[in-house]
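To be precise, the following lines are run_30.pdb, and they hold PDB, C-alpha atoms.
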```pdb
MODEL        1
ATOM      1  CA  MET A 171     250.509 165.734 119.410
ATOM      2  CA  ARG A 172     252.577 168.878 119.871
ATOM      3  CA  LEU A 173     254.480 168.539 123.136
ATOM      4  CA  VAL A 174     256.513 170.832 125.353
ATOM      5  CA  PHE A 175     258.603 168.707 127.710
ATOM      6  CA  ALA A 176     259.500 169.887 131.220
ATOM      7  CA  GLY A 177     262.344 168.272 133.166
ATOM      8  CA  THR A 178     265.722 168.993 134.679
ATOM      9  CA  PRO A 179     267.976 166.163 135.972
ATOM     10  CA  GLU A 180     269.560 163.186 134.239
ATOM     11  CA  VAL A 181     266.705 160.914 135.302
ATOM     12  CA  ALA A 182     264.437 162.837 132.887
ATOM     13  CA  LEU A 183     266.585 162.070 129.829
ATOM     14  CA  PRO A 184     265.161 158.620 128.957
ATOM     15  CA  ALA A 185     261.680 160.132 128.757
ATOM     16  CA  LEU A 186     262.822 163.091 126.657
ATOM     17  CA  ASN A 187     264.659 160.788 124.258
ATOM     18  CA  ALA A 188     261.677 158.431 123.997
ATOM     19  CA  LEU A 189     259.268 161.281 123.246
ATOM     20  CA  VAL A 190     261.576 162.714 120.564
ATOM     21  CA  GLU A 191     261.776 159.274 118.942
ATOM     22  CA  SER A 192     258.006 158.742 119.128
ATOM     23  CA  GLY A 193     255.400 159.862 116.650
ATOM     24  CA  HIS A 194     254.783 163.023 118.662
ATOM     25  CA  GLU A 195     256.393 166.403 117.996
ATOM     26  CA  VAL A 196     258.472 167.858 120.822
ATOM     27  CA  VAL A 197     258.581 171.578 119.991
ATOM     28  CA  ALA A 198     260.409 172.888 123.077
ATOM     29  CA  VAL A 199     261.786 172.056 126.501
ATOM     30  CA  ILE A 200     261.305 173.799 129.850
ATOM     31  CA  THR A 201     264.032 173.276 132.435
ATOM     32  CA  ARG A 202     265.586 174.916 135.465
ATOM     33  CA  PRO A 203     268.138 177.728 134.982
ATOM     34  CA  ASP A 204     271.835 176.957 134.666
ATOM     35  CA  ALA A 205     273.318 176.222 138.093
ATOM     36  CA  PRO A 206     276.835 176.503 139.563
ATOM     37  CA  SER A 207     278.756 173.256 139.969
ATOM     38  CA  GLY A 208     282.302 171.963 140.302
ATOM     39  CA  ARG A 209     285.205 173.477 142.189
ATOM     40  CA  GLY A 210     285.025 176.714 140.246
ATOM     41  CA  ARG A 211     281.266 176.963 140.805
ATOM     42  CA  THR A 212     280.806 177.881 137.156
ATOM     43  CA  LEU A 213     277.352 177.833 135.626
ATOM     44  CA  HIS A 214     276.345 174.643 133.818
ATOM     45  CA  PRO A 215     273.118 173.758 131.997
ATOM     46  CA  SER A 216     270.893 171.051 133.418
ATOM     47  CA  PRO A 217     271.190 167.587 131.818
ATOM     48  CA  VAL A 218     267.872 168.196 130.065
ATOM     49  CA  ALA A 219     269.052 171.577 128.740
ATOM     50  CA  ALA A 220     272.261 170.011 127.453
ATOM     51  CA  ARG A 221     270.349 167.237 125.679
ATOM     52  CA  ALA A 222     267.854 169.714 124.233
ATOM     53  CA  ALA A 223     270.764 171.691 122.746
ATOM     54  CA  GLU A 224     272.053 168.504 121.088
ATOM     55  CA  LEU A 225     268.582 167.887 119.664
ATOM     56  CA  GLY A 226     268.238 171.472 118.472
ATOM     57  CA  LEU A 227     265.162 172.108 120.596
ATOM     58  CA  GLU A 228     264.116 175.523 121.861
ATOM     59  CA  THR A 229     264.892 175.629 125.587
ATOM     60  CA  LEU A 230     263.098 177.810 128.113
ATOM     61  CA  LYS A 231     264.835 178.400 131.460
ATOM     62  CA  PRO A 232     262.580 180.621 133.568
ATOM     63  CA  GLU A 233     263.807 181.711 136.992
ATOM     64  CA  ARG A 234     260.267 181.124 138.236
ATOM     65  CA  ALA A 235     257.526 179.011 136.740
ATOM     66  CA  LYS A 236     255.089 181.905 137.154
ATOM     67  CA  ASP A 237     257.250 184.172 134.966
ATOM     68  CA  PRO A 238     254.803 186.001 132.614
ATOM     69  CA  ALA A 239     257.266 185.509 129.748
ATOM     70  CA  LEU A 240     256.957 181.732 130.151
ATOM     71  CA  VAL A 241     253.167 181.918 130.085
ATOM     72  CA  GLU A 242     253.338 184.069 126.934
ATOM     73  CA  ARG A 243     255.803 181.807 125.121
ATOM     74  CA  LEU A 244     253.993 178.594 126.031
ATOM     75  CA  THR A 245     250.759 180.100 124.745
ATOM     76  CA  GLU A 246     252.523 180.915 121.458
ATOM     77  CA  LEU A 247     253.906 177.362 121.193
ATOM     78  CA  ALA A 248     250.359 176.009 121.632
ATOM     79  CA  PRO A 249     251.234 172.494 122.864
ATOM     80  CA  ASP A 250     248.536 169.848 123.034
ATOM     81  CA  CYS A 251     250.117 168.463 126.211
ATOM     82  CA  CYS A 252     253.119 169.088 128.441
ATOM     83  CA  PRO A 253     254.773 165.884 129.720
ATOM     84  CA  VAL A 254     256.856 166.371 132.869
ATOM     85  CA  VAL A 255     259.643 164.411 134.557
ATOM     86  CA  ALA A 256     261.329 165.903 137.640
ATOM     87  CA  TYR A 257     261.080 169.525 136.532
ATOM     88  CA  GLY A 258     261.658 170.808 140.063
ATOM     89  CA  ALA A 259     259.209 173.691 140.435
ATOM     90  CA  LEU A 260     255.520 174.082 141.252
ATOM     91  CA  LEU A 261     253.409 175.071 138.248
ATOM     92  CA  PRO A 262     250.889 177.913 138.510
ATOM     93  CA  GLN A 263     247.341 177.443 137.262
ATOM     94  CA  LYS A 264     247.929 179.834 134.348
ATOM     95  CA  LEU A 265     250.458 177.367 132.935
ATOM     96  CA  LEU A 266     248.367 174.304 133.715
ATOM     97  CA  ASP A 267     245.450 175.760 131.750
ATOM     98  CA  ILE A 268     247.337 176.290 128.471
ATOM     99  CA  PRO A 269     247.549 172.789 126.877
ATOM    100  CA  PRO A 270     244.172 171.168 126.131
ATOM    101  CA  HIS A 271     245.371 167.820 127.522
ATOM    102  CA  GLY A 272     247.027 169.445 130.527
ATOM    103  CA  TRP A 273     250.398 168.613 132.056
ATOM    104  CA  VAL A 274     251.125 164.908 132.572
ATOM    105  CA  ASN A 275     253.737 163.960 135.137
ATOM    106  CA  LEU A 276     255.776 160.759 135.227
ATOM    107  CA  HIS A 277     256.178 160.112 138.950
ATOM    108  CA  PHE A 278     258.366 157.375 140.400
ATOM    109  CA  SER A 279     255.985 155.777 142.891
ATOM    110  CA  LEU A 280     252.583 154.111 142.972
ATOM    111  CA  LEU A 281     250.435 157.049 143.963
ATOM    112  CA  PRO A 282     249.094 157.966 146.443
ATOM    113  CA  ALA A 283     252.165 156.417 148.081
ATOM    114  CA  TRP A 284     255.208 158.652 148.312
ATOM    115  CA  ARG A 285     253.996 161.932 146.939
ATOM    116  CA  GLY A 286     256.783 164.482 146.827
ATOM    117  CA  ALA A 287     260.364 165.055 145.734
ATOM    118  CA  ALA A 288     262.112 161.810 146.767
ATOM    119  CA  PRO A 289     259.710 158.868 146.310
ATOM    120  CA  VAL A 290     262.339 156.276 145.370
ATOM    121  CA  GLN A 291     264.614 157.132 148.282
ATOM    122  CA  HIS A 292     261.763 156.916 150.765
ATOM    123  CA  ALA A 293     260.534 153.604 149.357
ATOM    124  CA  VAL A 294     263.985 152.111 150.028
ATOM    125  CA  LEU A 295     264.237 153.746 153.466
ATOM    126  CA  ALA A 296     260.832 152.363 154.446
ATOM    127  CA  GLY A 297     261.720 148.825 153.409
ATOM    128  CA  ASP A 298     259.025 148.638 150.727
ATOM    129  CA  GLN A 299     259.138 145.432 148.700
ATOM    130  CA  GLU A 300     257.649 147.012 145.596
ATOM    131  CA  THR A 301     257.353 150.420 144.008
ATOM    132  CA  GLY A 302     256.671 151.639 140.496
ATOM    133  CA  ALA A 303     255.955 154.627 138.305
ATOM    134  CA  CYS A 304     252.763 156.258 137.151
ATOM    135  CA  THR A 305     251.548 158.996 134.860
ATOM    136  CA  PHE A 306     249.011 161.463 136.218
ATOM    137  CA  ARG A 307     247.465 164.815 135.346
ATOM    138  CA  ILE A 308     249.026 167.613 137.367
ATOM    139  CA  VAL A 309     246.653 169.612 139.574
ATOM    140  CA  LYS A 310     247.349 172.340 142.108
ATOM    141  CA  ALA A 311     247.668 169.934 145.066
ATOM    142  CA  LEU A 312     250.990 168.072 145.347
ATOM    143  CA  ASP A 313     251.004 164.880 143.223
ATOM    144  CA  ALA A 314     247.268 164.501 143.789
ATOM    145  CA  GLY A 315     245.941 164.407 140.234
ATOM    146  CA  PRO A 316     244.125 161.493 138.600
ATOM    147  CA  VAL A 317     246.304 158.613 137.375
ATOM    148  CA  PHE A 318     246.384 157.462 133.742
ATOM    149  CA  ASP A 319     248.580 154.378 133.952
ATOM    150  CA  ALA A 320     251.202 152.670 136.118
ATOM    151  CA  ILE A 321     253.918 150.036 136.151
ATOM    152  CA  THR A 322     255.294 148.125 139.130
ATOM    153  CA  GLU A 323     258.927 147.376 139.992
ATOM    154  CA  PRO A 324     260.286 145.086 142.735
ATOM    155  CA  ILE A 325     262.832 146.489 145.175
ATOM    156  CA  GLY A 326     265.700 144.036 145.558
ATOM    157  CA  PRO A 327     267.573 143.477 148.850
ATOM    158  CA  THR A 328     270.684 145.239 147.542
ATOM    159  CA  ASP A 329     269.027 147.961 145.453
ATOM    160  CA  THR A 330     270.185 151.500 146.081
ATOM    161  CA  ALA A 331     267.949 154.462 145.342
ATOM    162  CA  GLY A 332     270.153 155.132 142.319
ATOM    163  CA  ASP A 333     269.748 151.575 140.994
ATOM    164  CA  LEU A 334     265.991 151.688 141.369
ATOM    165  CA  LEU A 335     265.609 155.183 139.940
ATOM    166  CA  GLY A 336     267.606 154.193 136.868
ATOM    167  CA  ARG A 337     265.318 151.246 136.157
ATOM    168  CA  LEU A 338     262.183 153.298 136.740
ATOM    169  CA  ALA A 339     263.425 156.108 134.496
ATOM    170  CA  ASP A 340     264.033 153.668 131.642
ATOM    171  CA  ARG A 341     260.738 151.805 132.023
ATOM    172  CA  GLY A 342     258.820 154.979 132.810
ATOM    173  CA  ALA A 343     259.886 156.545 129.510
ATOM    174  CA  GLY A 344     257.798 153.969 127.656
ATOM    175  CA  LEU A 345     254.917 154.520 130.055
ATOM    176  CA  LEU A 346     254.942 158.260 129.364
ATOM    177  CA  VAL A 347     254.969 157.716 125.595
ATOM    178  CA  SER A 348     252.071 155.262 125.832
ATOM    179  CA  THR A 349     250.096 157.802 127.855
ATOM    180  CA  MET A 350     250.728 160.439 125.174
ATOM    181  CA  ASP A 351     249.568 157.906 122.557
ATOM    182  CA  ALA A 352     246.372 157.251 124.501
ATOM    183  CA  LEU A 353     245.649 160.960 124.904
ATOM    184  CA  ALA A 354     246.143 161.502 121.184
ATOM    185  CA  ALA A 355     243.843 158.586 120.380
ATOM    186  CA  GLY A 356     241.189 159.731 122.833
ATOM    187  CA  THR A 357     241.365 156.480 124.790
ATOM    188  CA  ALA A 358     243.144 157.743 127.929
ATOM    189  CA  VAL A 359     241.220 157.393 131.190
ATOM    190  CA  ALA A 360     242.341 159.253 134.313
ATOM    191  CA  THR A 361     241.303 157.563 137.566
ATOM    192  CA  PRO A 362     241.117 159.624 140.787
ATOM    193  CA  GLN A 363     243.601 158.569 143.441
ATOM    194  CA  PRO A 364     242.284 156.758 146.532
ATOM    195  CA  GLU A 365     241.472 159.035 149.436
ATOM    196  CA  ALA A 366     243.452 156.832 151.838
ATOM    197  CA  GLY A 367     247.026 155.626 151.732
ATOM    198  CA  GLU A 368     248.868 158.882 151.144
ATOM    199  CA  THR A 369     252.503 158.991 152.206
ATOM    200  CA  TYR A 370     254.917 161.840 151.591
ATOM    201  CA  ALA A 371     258.514 161.846 150.452
ATOM    202  CA  ALA A 372     260.341 165.054 151.286
ATOM    203  CA  LYS A 373     263.671 165.778 149.640
ATOM    204  CA  LEU A 374     266.485 164.172 151.646
ATOM    205  CA  THR A 375     269.033 166.394 153.346
ATOM    206  CA  VAL A 376     272.586 165.714 154.503
ATOM    207  CA  GLU A 377     271.210 165.251 158.017
ATOM    208  CA  ASP A 378     268.997 162.418 156.758
ATOM    209  CA  GLY A 379     272.155 160.502 155.890
ATOM    210  CA  GLN A 380     273.626 160.473 159.407
ATOM    211  CA  LEU A 381     273.702 156.944 160.801
ATOM    212  CA  ASP A 382     272.561 156.228 164.362
ATOM    213  CA  TRP A 383     274.338 153.060 165.445
ATOM    214  CA  GLN A 384     271.689 152.404 168.093
ATOM    215  CA  ARG A 385     269.321 151.392 165.286
ATOM    216  CA  ALA A 386     269.146 147.859 163.906
ATOM    217  CA  ALA A 387     271.507 146.757 161.142
ATOM    218  CA  VAL A 388     268.636 146.111 158.703
ATOM    219  CA  GLU A 389     267.397 149.675 159.161
ATOM    220  CA  LEU A 390     270.866 151.132 158.717
ATOM    221  CA  ASP A 391     271.345 149.041 155.573
ATOM    222  CA  ARG A 392     268.172 150.587 154.122
ATOM    223  CA  GLN A 393     269.400 154.047 155.099
ATOM    224  CA  VAL A 394     272.730 153.519 153.345
ATOM    225  CA  ARG A 395     271.006 152.255 150.190
ATOM    226  CA  GLY A 396     268.265 154.877 150.273
ATOM    227  CA  CYS A 397     270.803 157.701 150.527
ATOM    228  CA  GLN A 398     272.961 156.393 147.679
ATOM    229  CA  PRO A 399     274.105 158.217 145.588
ATOM    230  CA  ALA A 400     272.745 161.353 147.283
ATOM    231  CA  PRO A 401     272.840 162.762 149.873
ATOM    232  CA  GLY A 402     275.032 159.843 151.016
ATOM    233  CA  ALA A 403     275.124 158.002 154.345
ATOM    234  CA  TRP A 404     277.720 159.040 156.875
ATOM    235  CA  THR A 405     278.939 158.791 160.431
ATOM    236  CA  THR A 406     282.053 160.104 162.195
ATOM    237  CA  PHE A 407     285.428 158.577 162.972
ATOM    238  CA  ARG A 408     287.730 160.407 165.374
ATOM    239  CA  GLY A 409     285.570 163.497 164.960
ATOM    240  CA  ASP A 410     285.734 163.620 161.149
ATOM    241  CA  ARG A 411     282.941 162.798 158.749
ATOM    242  CA  PHE A 412     283.174 159.243 157.442
ATOM    243  CA  LYS A 413     281.027 158.217 154.481
ATOM    244  CA  ILE A 414     279.607 154.722 154.073
ATOM    245  CA  ASN A 415     278.602 154.023 150.491
ATOM    246  CA  SER A 416     277.696 150.354 150.923
ATOM    247  CA  ALA A 417     277.287 147.834 153.730
ATOM    248  CA  THR A 418     275.746 144.433 154.368
ATOM    249  CA  PRO A 419     273.843 143.287 157.487
ATOM    250  CA  VAL A 420     275.504 140.290 159.146
ATOM    251  CA  ASP A 421     274.572 138.055 162.064
ATOM    252  CA  GLU A 422     277.316 138.936 164.474
ATOM    253  CA  ASP A 423     276.867 139.408 168.204
ATOM    254  CA  GLY A 424     279.125 140.862 170.835
ATOM    255  CA  LEU A 425     279.697 144.293 169.298
ATOM    256  CA  ALA A 426     278.310 147.404 170.971
ATOM    257  CA  PRO A 427     276.720 150.075 168.742
ATOM    258  CA  GLY A 428     279.518 151.741 166.775
ATOM    259  CA  GLU A 429     282.167 149.273 167.997
ATOM    260  CA  LEU A 430     284.565 148.051 165.291
ATOM    261  CA  ARG A 431     285.883 144.587 164.576
ATOM    262  CA  VAL A 432     288.706 144.814 162.037
ATOM    263  CA  THR A 433     290.295 141.869 160.242
ATOM    264  CA  LYS A 434     292.503 141.635 157.166
ATOM    265  CA  LYS A 435     289.461 141.193 154.937
ATOM    266  CA  ALA A 436     286.610 143.015 156.665
ATOM    267  CA  VAL A 437     285.483 145.877 158.868
ATOM    268  CA  VAL A 438     282.371 145.061 160.883
ATOM    269  CA  VAL A 439     280.567 147.596 163.066
ATOM    270  CA  GLY A 440     278.065 146.871 165.817
ATOM    271  CA  THR A 441     274.527 148.250 165.814
ATOM    272  CA  GLY A 442     271.506 148.152 168.090
ATOM    273  CA  ALA A 443     270.631 144.736 166.635
ATOM    274  CA  GLY A 444     273.099 142.775 164.522
ATOM    275  CA  ALA A 445     276.079 144.285 162.728
ATOM    276  CA  LEU A 446     277.087 145.821 159.411
ATOM    277  CA  ASP A 447     279.929 144.569 157.247
ATOM    278  CA  LEU A 448     281.195 147.754 155.625
ATOM    279  CA  GLY A 449     281.679 147.707 151.862
ATOM    280  CA  GLN A 450     282.881 150.938 150.289
ATOM    281  CA  VAL A 451     283.794 153.818 152.596
ATOM    282  CA  GLN A 452     285.319 157.273 152.240
ATOM    283  CA  ALA A 453     287.317 158.885 155.018
ATOM    284  CA  GLN A 454     287.703 162.647 155.270
ATOM    285  CA  GLY A 455     289.983 163.887 152.495
ATOM    286  CA  LYS A 456     290.307 160.446 150.913
ATOM    287  CA  LYS A 457     288.899 158.740 147.825
ATOM    288  CA  PRO A 458     286.221 156.033 148.119
ATOM    289  CA  MET A 459     287.771 152.633 148.827
ATOM    290  CA  ARG A 460     287.024 149.187 150.213
ATOM    291  CA  ALA A 461     286.670 149.254 153.990
ATOM    292  CA  ALA A 462     289.456 146.674 154.438
ATOM    293  CA  ASP A 463     291.830 148.840 152.356
ATOM    294  CA  TRP A 464     290.978 151.878 154.465
ATOM    295  CA  ALA A 465     291.566 149.936 157.686
ATOM    296  CA  ARG A 466     295.046 148.868 156.588
ATOM    297  CA  GLY A 467     296.098 152.502 156.687
ATOM    298  CA  VAL A 468     294.797 153.111 160.226
ATOM    299  CA  THR A 469     296.397 152.295 163.580
ATOM    300  CA  PHE A 470     293.365 151.599 165.719
ATOM    301  CA  ALA A 471     293.116 152.424 169.409
ATOM    302  CA  ALA A 472     291.135 150.271 171.800
ATOM    303  CA  ASP A 473     288.393 152.875 172.151
ATOM    304  CA  ASP A 474     288.015 153.735 168.459
ATOM    305  CA  LYS A 475     284.421 153.532 167.259
ATOM    306  CA  LEU A 476     282.110 155.011 164.684
ATOM    307  CA  GLY A 477     279.741 157.804 165.602
TER     308      GLY A 477
ENDMDL
END
```

For the structure just supplied, provide its representation as structure tokens.
Amino acid sequence: MRLVFAGTPEVALPALNALVESGHEVVAVITRPDAPSGRGRTLHPSPVAARAAELGLETLKPERAKDPALVERLTELAPDCCPVVAYGALLPQKLLDIPPHGWVNLHFSLLPAWRGAAPVQHAVLAGDQETGACTFRIVKALDAGPVFDAITEPIGPTDTAGDLLGRLADRGAGLLVSTMDALAAGTAVATPQPEAGETYAAKLTVEDGQLDWQRAAVELDRQVRGCQPAPGAWTTFRGDRFKINSATPVDEDGLAPGELRVTKKAVVVGTGAGALDLGQVQAQGKKPMRAADWARGVTFAADDKLG
């Protein structure tokens, strides 16, 4: 089939690479416009745009998905299907109607669970034991289209959102190719999603990463892992933001929420139930480091606490 791939971040690259290496013909890529990044805030192409340039693929970067020029060019390209991975913009019906086989999204959850922008992060935050990825036909309603196929993936006790997303991106690439194969062969079957069981996964903000030490250690552990690598979990120490990149729940009593117990080898902080043994931390203006290394550079007062 002739394909036009739509995607933007690094997590979309395994799927793009797999489609290029498949028996299908990727004729162009749609991605988000170049965005400022780095200290100089200079414009940089998205990871998908950069990879498309390496592959010599035509790259479309509309400011808005409803740009008439995009509709015109996609009509000229005449794709049979448009596979999508994390493109980052809602698609108008005029675009959805162009390819005969529609637009097929690779979504990193088991729909209808965790529709939305951050399904992997929310699965970790919620303490789910299992998640997965699925391919579905895009319709106007958010992530509500019929599902072609799915894979499952266990969520380990130490998995971060980044760990899990990496595995799902790699495995999901094969799933997307197999769905394209089935569409080309005429054997694909799209099954409507159940009417019950919908959950929604809004994009996480910096505020979502703030730790409340009144909560239980197991919940805070999930928050740290679910917010890693972005937006990152954080608290405050002496009024400055203090990032916590990893931590482990421990059975330790006698510490009030936010209270610190510092030894030569560990920094443990009390919570509403249990405690957290801090792993990697990052103080304001400092590089990430082991919590014990950070503590060696601090003269603690009796009333010092986190949060």

*Care to translate the PyMOL selection byres ((chain A and resi 302-311) around 7) into actual residues of this file, as a VMD selection string?*
chain A and resid 272 to 280 300 to 301 312 to 323 338 342 346

*Give the answer as one residue: which of A:Val199, A:Pro427, A:Ala461, A:Ala366 has the shortest atom-to-atom distance to A:Pro282, using only C-alpha atoms?*
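The answer is A:Ala366, which sits nearest to A:Pro282.
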
*Select all residues near (279.8, 144.9, 157.8) (cut-off 10 Å, inclusive, file coordinates), counting all atoms listed in the file, and output them as number ranges by chain.*
A: 387, 391, 416-422, 430-432, 436-440, 444-449, 461

*Evaluate the PyMOL selection byres ((chain A and resi 289) around 10) and record the selected residues as number ranges by chain, following the chain and residue labels used in the document.*
A: 277-281, 283-288, 290-295, 301-303, 331, 335, 369-373

*asked:* So, with only C-alpha atoms as the atoms that count, which of A:Gly409, A:Gly297, A:Pro324, A:Pro364 lies closest to A:Leu390?
replied: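 Closest to A:Leu390, using only C-alpha atoms: A:Gly297.
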
_Explicit residue set for the PyMOL selection byres ((chain A and resi 474) around 12), as a PyMOL selection string_ = chain A and resi 406-409+426-432+439+465+468-473+475-477

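Among A:Ala198, A:Val254, A:Ala248, A:Ala403, the residue with the shortest atom-to-atom distance to A:Leu183, counting all atoms listed in the file, is A:Val254.
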
Please give the centre and size of the box around stretch 358-372 of chain A (axis-aligned, containing every atom listed in the file, 6 Å added per side), with values in Å to one decimal and written as AutoDock Vina command-line options.
```
--center_x 250.7 --center_y 160.3 --center_z 140.1 --size_x 31.2 --size_y 21.4 --size_z 36.3
```

*Option closest in space to A:Gly402, from A:Pro184, A:Val359, A:Gln380, A:His214 [counting all atoms listed in the file]*: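 Comparing A:Pro184, A:Val359, A:Gln380, A:His214 against A:Gly402, the winner is A:Gln380.
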
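Of the residues listed (A:Leu265, A:Leu213, A:Ala400, A:Leu173), A:Leu173 shows the shortest atom-to-atom separation from A:His194; distances use all atoms listed in the file.
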
*Considering all atoms listed in the file, state which residue in the set A:Pro232, A:Arg411, A:Gly442, A:Gln393 is at the smallest distance from A:Gly455.*
A:Arg411

*Distance in Å - atom CA of A:Glu224 versus atom CA of A:Leu260*: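 Separation between atom CA of A:Glu224 and atom CA of A:Leu260: 26.7 Å.
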
Using the partial input, fill out stretch 356-375 of chain A with N, CA and C atoms; write the result as a PDB file, in the frame of the given file.
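Now in out22.pdb:
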```pdb
ATOM      1  N   GLY A 356     242.442 159.521 122.126  1.00  0.00           N
ATOM      2  CA  GLY A 356     241.189 159.731 122.833  1.00  0.00           C
ATOM      3  C   GLY A 356     240.762 158.563 123.692  1.00  0.00           C
ATOM      4  N   THR A 357     241.704 157.669 123.995  1.00  0.00           N
ATOM      5  CA  THR A 357     241.365 156.480 124.790  1.00  0.00           C
ATOM      6  C   THR A 357     241.875 156.561 126.231  1.00  0.00           C
ATOM      7  N   ALA A 358     242.580 157.624 126.581  1.00  0.00           N
ATOM      8  CA  ALA A 358     243.144 157.743 127.929  1.00  0.00           C
ATOM      9  C   ALA A 358     242.047 157.951 128.964  1.00  0.00           C
ATOM     10  N   VAL A 359     242.167 157.252 130.089  1.00  0.00           N
ATOM     11  CA  VAL A 359     241.220 157.393 131.190  1.00  0.00           C
ATOM     12  C   VAL A 359     242.010 157.728 132.445  1.00  0.00           C
ATOM     13  N   ALA A 360     241.672 158.834 133.081  1.00  0.00           N
ATOM     14  CA  ALA A 360     242.341 159.253 134.313  1.00  0.00           C
ATOM     15  C   ALA A 360     241.481 158.872 135.511  1.00  0.00           C
ATOM     16  N   THR A 361     242.036 158.063 136.402  1.00  0.00           N
ATOM     17  CA  THR A 361     241.303 157.563 137.566  1.00  0.00           C
ATOM     18  C   THR A 361     241.712 158.330 138.815  1.00  0.00           C
ATOM     19  N   PRO A 362     240.761 158.901 139.558  1.00  0.00           N
ATOM     20  CA  PRO A 362     241.117 159.624 140.787  1.00  0.00           C
ATOM     21  C   PRO A 362     241.893 158.732 141.752  1.00  0.00           C
ATOM     22  N   GLN A 363     242.835 159.326 142.455  1.00  0.00           N
ATOM     23  CA  GLN A 363     243.601 158.569 143.441  1.00  0.00           C
ATOM     24  C   GLN A 363     242.730 158.222 144.642  1.00  0.00           C
ATOM     25  N   PRO A 364     243.019 157.090 145.311  1.00  0.00           N
ATOM     26  CA  PRO A 364     242.284 156.758 146.532  1.00  0.00           C
ATOM     27  C   PRO A 364     242.440 157.855 147.580  1.00  0.00           C
ATOM     28  N   GLU A 365     241.414 158.005 148.401  1.00  0.00           N
ATOM     29  CA  GLU A 365     241.472 159.035 149.436  1.00  0.00           C
ATOM     30  C   GLU A 365     242.359 158.612 150.599  1.00  0.00           C
ATOM     31  N   ALA A 366     242.604 157.323 150.750  1.00  0.00           N
ATOM     32  CA  ALA A 366     243.452 156.832 151.838  1.00  0.00           C
ATOM     33  C   ALA A 366     244.761 156.299 151.267  1.00  0.00           C
ATOM     34  N   GLY A 367     245.761 156.222 152.131  1.00  0.00           N
ATOM     35  CA  GLY A 367     247.026 155.626 151.732  1.00  0.00           C
ATOM     36  C   GLY A 367     248.098 156.608 151.326  1.00  0.00           C
ATOM     37  N   GLU A 368     247.847 157.906 151.526  1.00  0.00           N
ATOM     38  CA  GLU A 368     248.868 158.882 151.144  1.00  0.00           C
ATOM     39  C   GLU A 368     250.081 158.795 152.067  1.00  0.00           C
ATOM     40  N   THR A 369     251.259 158.795 151.465  1.00  0.00           N
ATOM     41  CA  THR A 369     252.503 158.991 152.206  1.00  0.00           C
ATOM     42  C   THR A 369     253.302 160.039 151.465  1.00  0.00           C
ATOM     43  N   TYR A 370     254.203 160.711 152.178  1.00  0.00           N
ATOM     44  CA  TYR A 370     254.917 161.840 151.591  1.00  0.00           C
ATOM     45  C   TYR A 370     256.421 161.638 151.663  1.00  0.00           C
ATOM     46  N   ALA A 371     257.084 162.096 150.623  1.00  0.00           N
ATOM     47  CA  ALA A 371     258.514 161.846 150.452  1.00  0.00           C
ATOM     48  C   ALA A 371     259.249 163.167 150.262  1.00  0.00           C
ATOM     49  N   ALA A 372     259.618 163.789 151.357  1.00  0.00           N
ATOM     50  CA  ALA A 372     260.341 165.054 151.286  1.00  0.00           C
ATOM     51  C   ALA A 372     261.746 164.832 150.740  1.00  0.00           C
ATOM     52  N   LYS A 373     262.299 165.845 150.126  1.00  0.00           N
ATOM     53  CA  LYS A 373     263.671 165.778 149.640  1.00  0.00           C
ATOM     54  C   LYS A 373     264.612 165.468 150.797  1.00  0.00           C
ATOM     55  N   LEU A 374     265.545 164.542 150.595  1.00  0.00           N
ATOM     56  CA  LEU A 374     266.485 164.172 151.646  1.00  0.00           C
ATOM     57  C   LEU A 374     267.566 165.234 151.807  1.00  0.00           C
ATOM     58  N   THR A 375     267.963 165.453 153.036  1.00  0.00           N
ATOM     59  CA  THR A 375     269.033 166.394 153.346  1.00  0.00           C
ATOM     60  C   THR A 375     270.265 165.629 153.820  1.00  0.00           C
TER      61      THR A 375
END
```
